[in-house]
Amino acid sequence: MEETRGFYDFCIPFNKNETLLKEMCEHLSALGYKTVAIEQFFDYTKKENTKRSSDAFPQPHDLVWLQVHFKNKLKILQRITICYVDAEVAHAMANSINLRKFDIIAGQPKTEAALTHCCTSFNGDLITFDTQAGSHIHVSHKAYLLAIKRGIYFEIKYSPCIANTTVRKDMIKVAHNYFVKGKSKNIIISSGANNTFELRGPEDVTNLAFIFSLSKDQAKCAINRFGRQLFLRAECRRLGKTIMFIKASGPVVFSDSSEEDELKSDTEIDLRENMDKDAEYPSKKKRKLL
């Protein structure tokens with residue numbers, strides 16, 4: 001299994017301009033991020049996308065050059081965000097080979113029915129919302145708790161809030177809905193930035209998380225610990241049943257239970273002998289009192 005380190009940013013939109021994409025990754029590395037996911041958006045609602053080939057979903061972009069360049073600085077992951085309106089996408093996802101090539105699969109529901117499906121039976125790792133129309137879709141308490149049991153995370157993007165005040169109000173509504181329905185559990189904070197100006201460091205993101213009704217511990221987990229858990233869940237989904245081997249880095253010492261019992265018995269005998277001696281020969285203070 002591949003290793004990752006915090007801090008995490010799971011939403012950097014793909015850009016055909018390689019220079020700009022490289023500049024974004026360099027800026028993220030300078031801010032202290034260690035794991036970054038490049039997002040590839042796919043709108044399943046468009047018929048020309050779903051009927052163009054036997055596989056309804058596209059292949060991931062070639063990012064080998066970017067992974068080689070940041071080999072010792074950043075862990076580059078590939079993510080696909082699927083925008084859909086109903087549960088028909090489940091059949092296409094089950095028969096898709098290209099989806100298995102992505103590290104992270106995110107769902108972006110456009111209707112409440114799609115949101116319910118996303119929480120209950122979506123074969124993905126992350127639920128995100130359109131920053132323009134996401135505030136009109138509200139998750140129910142039952143669906144939210146079921147998504148948490150399945151290990152699915154909810155994403156909040158902070159860069160659209162910086163660029164547009166109207167979007168900021170909508171994202172605050174979405175975040176407040178998370179707080180009311182599920183106490184803001186399993187929240188991931190990503191940037192979704194298209195340029196370096198919209199990127200923020202981990203400390204600034206944790207401070208910004210207070211606007212989204214997150215506590216201090218939840219804000220830290222949203223860009224660090226939950227990112228690691230999300231990656232592990234995605235790896236389990238991709239690999240299926242696996243076997244884990246544990247190898248010791250140092251010498252292994254096995255203790256014999258019989259030796260421990262002998263030591264315990266010897267100490268008990270010594271204590272009893274000392275107690276008997278004290279009983280036969282009382283101390284000087286006791287003699288004076290007598």
# chains A, B, ... in the order shown; residues from 1 in each chain; ligands from 1
call {"tool": "closest_atom_pairs", "arguments": {"of": "region 116-169 of chain A", "to": "region 58-81 of chain A", "cutoff": "10 Å", "atoms": "only C-alpha atoms", "output": "Markdown table"}}
result
| residue | atom | partner | partner_atom | distance |
| --- | --- | --- | --- | --- |
| A:Gly124 | CA | A:Thr81 | CA | 9.7 |
| A:Leu126 | CA | A:Thr81 | CA | 8.8 |
| A:Ile127 | CA | A:Thr81 | CA | 8.9 |
| A:Thr128 | CA | A:Thr81 | CA | 8.2 |
call {"tool": "select_by_dssp", "arguments": {"residues": "region 32-272 of chain A", "states": "strand (DSSP E or B)", "output": "MDAnalysis selection string"}}
result
chainID A and resid 35:43 75:84 104:109 126:127 153:157 187:190
call {"tool": "atom_distance", "arguments": {"atom1": "CA of Ile211 (chain A)", "atom2": "CA of Thr166 (chain A)"}}
result
14.6 Å
call {"tool": "select_by_dssp", "arguments": {"residues": "region 96-262 of chain A", "states": "helix (DSSP H, G or I)", "output": "number ranges by chain"}}
result
A: 98-101, 112-120, 134-136, 141-149, 159-163, 165-182, 196-198, 202-212, 216-223, 225-239, 257-262
call {"tool": "residues_around", "arguments": {"residues": "Ile187 (chain A)", "least_positions_apart": "6", "cutoff": "7 Å", "atoms": "only C-alpha atoms", "output": "count of residues only"}}
result
4
call {"tool": "residues_around", "arguments": {"residues": "Lys142 (chain A)", "least_positions_apart": "6", "cutoff": "10 Å", "atoms": "only C-alpha atoms", "output": "JSON, numbers by chain"}}
result
{"A": [116, 119, 120, 181, 182]}
call {"tool": "residues_around", "arguments": {"residues": "His141 (chain A)", "least_positions_apart": "3", "cutoff": "10 Å", "atoms": "only C-alpha atoms", "output": "list of chain:residue names"}}
result
A:His138, A:Tyr144, A:Leu145, A:Leu146, A:Asn177, A:Tyr178, A:Val180, A:Lys181, A:Gly182
call {"tool": "write_last_selection", "arguments": {"atoms": "all heavy atoms", "output": "PDB file, in the first residue's frame"}}
result
ATOM      1  N   HIS A 138     -30.247  19.755   0.473  1.00  0.00           N
ATOM      2  CA  HIS A 138     -29.953  19.524   1.887  1.00  0.00           C
ATOM      3  C   HIS A 138     -29.993  18.028   2.183  1.00  0.00           C
ATOM      4  O   HIS A 138     -30.890  17.314   1.732  1.00  0.00           O
ATOM      5  CB  HIS A 138     -30.970  20.254   2.776  1.00  0.00           C
ATOM      6  CG  HIS A 138     -30.959  21.738   2.595  1.00  0.00           C
ATOM      7  ND1 HIS A 138     -29.946  22.539   3.081  1.00  0.00           N
ATOM      8  CD2 HIS A 138     -31.833  22.570   1.961  1.00  0.00           C
ATOM      9  CE1 HIS A 138     -30.198  23.801   2.771  1.00  0.00           C
ATOM     10  NE2 HIS A 138     -31.329  23.848   2.089  1.00  0.00           N
ATOM     11  N   TYR A 144     -27.247  11.217   6.331  1.00  0.00           N
ATOM     12  CA  TYR A 144     -25.933  11.663   6.801  1.00  0.00           C
ATOM     13  C   TYR A 144     -25.291  10.615   7.705  1.00  0.00           C
ATOM     14  O   TYR A 144     -24.113  10.281   7.552  1.00  0.00           O
ATOM     15  CB  TYR A 144     -26.080  12.992   7.540  1.00  0.00           C
ATOM     16  CG  TYR A 144     -24.775  13.707   7.803  1.00  0.00           C
ATOM     17  CD1 TYR A 144     -24.352  14.738   6.969  1.00  0.00           C
ATOM     18  CD2 TYR A 144     -23.967  13.369   8.878  1.00  0.00           C
ATOM     19  CE1 TYR A 144     -23.167  15.404   7.196  1.00  0.00           C
ATOM     20  CE2 TYR A 144     -22.777  14.028   9.117  1.00  0.00           C
ATOM     21  CZ  TYR A 144     -22.380  15.044   8.281  1.00  0.00           C
ATOM     22  OH  TYR A 144     -21.192  15.688   8.503  1.00  0.00           O
ATOM     23  N   LEU A 145     -26.060  10.088   8.641  1.00  0.00           N
ATOM     24  CA  LEU A 145     -25.527   9.072   9.553  1.00  0.00           C
ATOM     25  C   LEU A 145     -25.164   7.792   8.809  1.00  0.00           C
ATOM     26  O   LEU A 145     -24.172   7.134   9.137  1.00  0.00           O
ATOM     27  CB  LEU A 145     -26.539   8.775  10.654  1.00  0.00           C
ATOM     28  CG  LEU A 145     -26.849   9.920  11.620  1.00  0.00           C
ATOM     29  CD1 LEU A 145     -27.853   9.479  12.666  1.00  0.00           C
ATOM     30  CD2 LEU A 145     -25.574  10.439  12.292  1.00  0.00           C
ATOM     31  N   LEU A 146     -25.952   7.443   7.797  1.00  0.00           N
ATOM     32  CA  LEU A 146     -25.653   6.250   7.017  1.00  0.00           C
ATOM     33  C   LEU A 146     -24.365   6.424   6.212  1.00  0.00           C
ATOM     34  O   LEU A 146     -23.571   5.478   6.083  1.00  0.00           O
ATOM     35  CB  LEU A 146     -26.820   5.929   6.081  1.00  0.00           C
ATOM     36  CG  LEU A 146     -26.728   4.615   5.285  1.00  0.00           C
ATOM     37  CD1 LEU A 146     -26.564   3.429   6.227  1.00  0.00           C
ATOM     38  CD2 LEU A 146     -27.962   4.443   4.417  1.00  0.00           C
ATOM     39  N   ASN A 177     -25.745  23.047   7.550  1.00  0.00           N
ATOM     40  CA  ASN A 177     -26.599  21.860   7.419  1.00  0.00           C
ATOM     41  C   ASN A 177     -25.871  20.611   7.893  1.00  0.00           C
ATOM     42  O   ASN A 177     -26.470  19.731   8.529  1.00  0.00           O
ATOM     43  CB  ASN A 177     -27.039  21.701   5.966  1.00  0.00           C
ATOM     44  CG  ASN A 177     -28.025  20.568   5.788  1.00  0.00           C
ATOM     45  OD1 ASN A 177     -28.841  20.291   6.657  1.00  0.00           O
ATOM     46  ND2 ASN A 177     -27.955  19.900   4.648  1.00  0.00           N
ATOM     47  N   TYR A 178     -24.579  20.517   7.608  1.00  0.00           N
ATOM     48  CA  TYR A 178     -23.782  19.398   8.106  1.00  0.00           C
ATOM     49  C   TYR A 178     -23.744  19.392   9.636  1.00  0.00           C
ATOM     50  O   TYR A 178     -23.803  18.335  10.270  1.00  0.00           O
ATOM     51  CB  TYR A 178     -22.353  19.482   7.573  1.00  0.00           C
ATOM     52  CG  TYR A 178     -22.214  19.228   6.095  1.00  0.00           C
ATOM     53  CD1 TYR A 178     -21.136  19.755   5.383  1.00  0.00           C
ATOM     54  CD2 TYR A 178     -23.145  18.461   5.406  1.00  0.00           C
ATOM     55  CE1 TYR A 178     -20.994  19.524   4.027  1.00  0.00           C
ATOM     56  CE2 TYR A 178     -23.012  18.232   4.051  1.00  0.00           C
ATOM     57  CZ  TYR A 178     -21.938  18.760   3.370  1.00  0.00           C
ATOM     58  OH  TYR A 178     -21.802  18.529   2.029  1.00  0.00           O
ATOM     59  N   VAL A 180     -25.997  20.711  11.725  1.00  0.00           N
ATOM     60  CA  VAL A 180     -27.317  20.421  12.296  1.00  0.00           C
ATOM     61  C   VAL A 180     -27.660  18.942  12.164  1.00  0.00           C
ATOM     62  O   VAL A 180     -28.154  18.319  13.104  1.00  0.00           O
ATOM     63  CB  VAL A 180     -28.389  21.299  11.617  1.00  0.00           C
ATOM     64  CG1 VAL A 180     -29.789  20.891  12.067  1.00  0.00           C
ATOM     65  CG2 VAL A 180     -28.143  22.775  11.931  1.00  0.00           C
ATOM     66  N   LYS A 181     -27.385  18.356  10.990  1.00  0.00           N
ATOM     67  CA  LYS A 181     -27.795  16.983  10.723  1.00  0.00           C
ATOM     68  C   LYS A 181     -26.826  15.935  11.254  1.00  0.00           C
ATOM     69  O   LYS A 181     -27.242  14.818  11.600  1.00  0.00           O
ATOM     70  CB  LYS A 181     -27.969  16.787   9.207  1.00  0.00           C
ATOM     71  CG  LYS A 181     -29.020  17.705   8.599  1.00  0.00           C
ATOM     72  CD  LYS A 181     -30.394  17.493   9.217  1.00  0.00           C
ATOM     73  CE  LYS A 181     -31.418  18.492   8.716  1.00  0.00           C
ATOM     74  NZ  LYS A 181     -31.659  18.423   7.275  1.00  0.00           N
ATOM     75  N   GLY A 182     -25.538  16.264  11.345  1.00  0.00           N
ATOM     76  CA  GLY A 182     -24.579  15.244  11.780  1.00  0.00           C
ATOM     77  C   GLY A 182     -23.429  15.750  12.613  1.00  0.00           C
ATOM     78  O   GLY A 182     -22.404  15.058  12.729  1.00  0.00           O
TER      79      GLY A 182
END
call {"tool": "residues_around", "arguments": {"residues": "Thr45 (chain A)", "least_positions_apart": "4", "cutoff": "12 Å", "atoms": "only C-alpha atoms", "output": "list in words"}}
result
Asn49, Thr50, Lys51, Ala56, Phe57, Ile82, Cys83, Tyr84, Val85, Asp86, Ala87, Glu88, Val89, Gln108, Pro109, Lys110, Thr111 and Ala114 of chain A
call {"tool": "write_last_selection", "arguments": {"atoms": "C-alpha atoms", "output": "PDB file, in the first residue's frame"}}
result
ATOM      1  CA  ASN A  49     -20.310  11.827 -22.705  1.00  0.00           C
ATOM      2  CA  THR A  50     -22.177   8.665 -21.747  1.00  0.00           C
ATOM      3  CA  LYS A  51     -22.615   7.227 -25.276  1.00  0.00           C
ATOM      4  CA  ALA A  56     -19.034   5.627 -19.855  1.00  0.00           C
ATOM      5  CA  PHE A  57     -16.176   7.254 -17.936  1.00  0.00           C
ATOM      6  CA  ILE A  82     -18.889  12.507 -11.170  1.00  0.00           C
ATOM      7  CA  CYS A  83     -21.837  14.863 -11.528  1.00  0.00           C
ATOM      8  CA  TYR A  84     -25.152  13.010 -11.861  1.00  0.00           C
ATOM      9  CA  VAL A  85     -28.902  13.321 -11.189  1.00  0.00           C
ATOM     10  CA  ASP A  86     -30.205   9.794 -10.462  1.00  0.00           C
ATOM     11  CA  ALA A  87     -29.177   6.283  -9.456  1.00  0.00           C
ATOM     12  CA  GLU A  88     -28.650   5.086 -13.040  1.00  0.00           C
ATOM     13  CA  VAL A  89     -24.988   5.968 -12.684  1.00  0.00           C
ATOM     14  CA  GLN A 108     -21.502  15.562  -6.999  1.00  0.00           C
ATOM     15  CA  PRO A 109     -25.297  15.181  -6.784  1.00  0.00           C
ATOM     16  CA  LYS A 110     -27.519  17.678  -8.560  1.00  0.00           C
ATOM     17  CA  THR A 111     -30.829  16.582  -6.993  1.00  0.00           C
ATOM     18  CA  ALA A 114     -28.986  11.769  -6.204  1.00  0.00           C
TER      19      ALA A 114
END
call {"tool": "closest_residue", "arguments": {"among": "A:Leu115, A:Glu26, A:Thr131, A:Asn207", "to": "Val174 (chain A)", "atoms": "only C-alpha atoms"}}
result
A:Thr131
call {"tool": "atom_distance", "arguments": {"atom1": "CA of Ile188 (chain A)", "atom2": "CA of Asp55 (chain A)"}}
result
29.6 Å
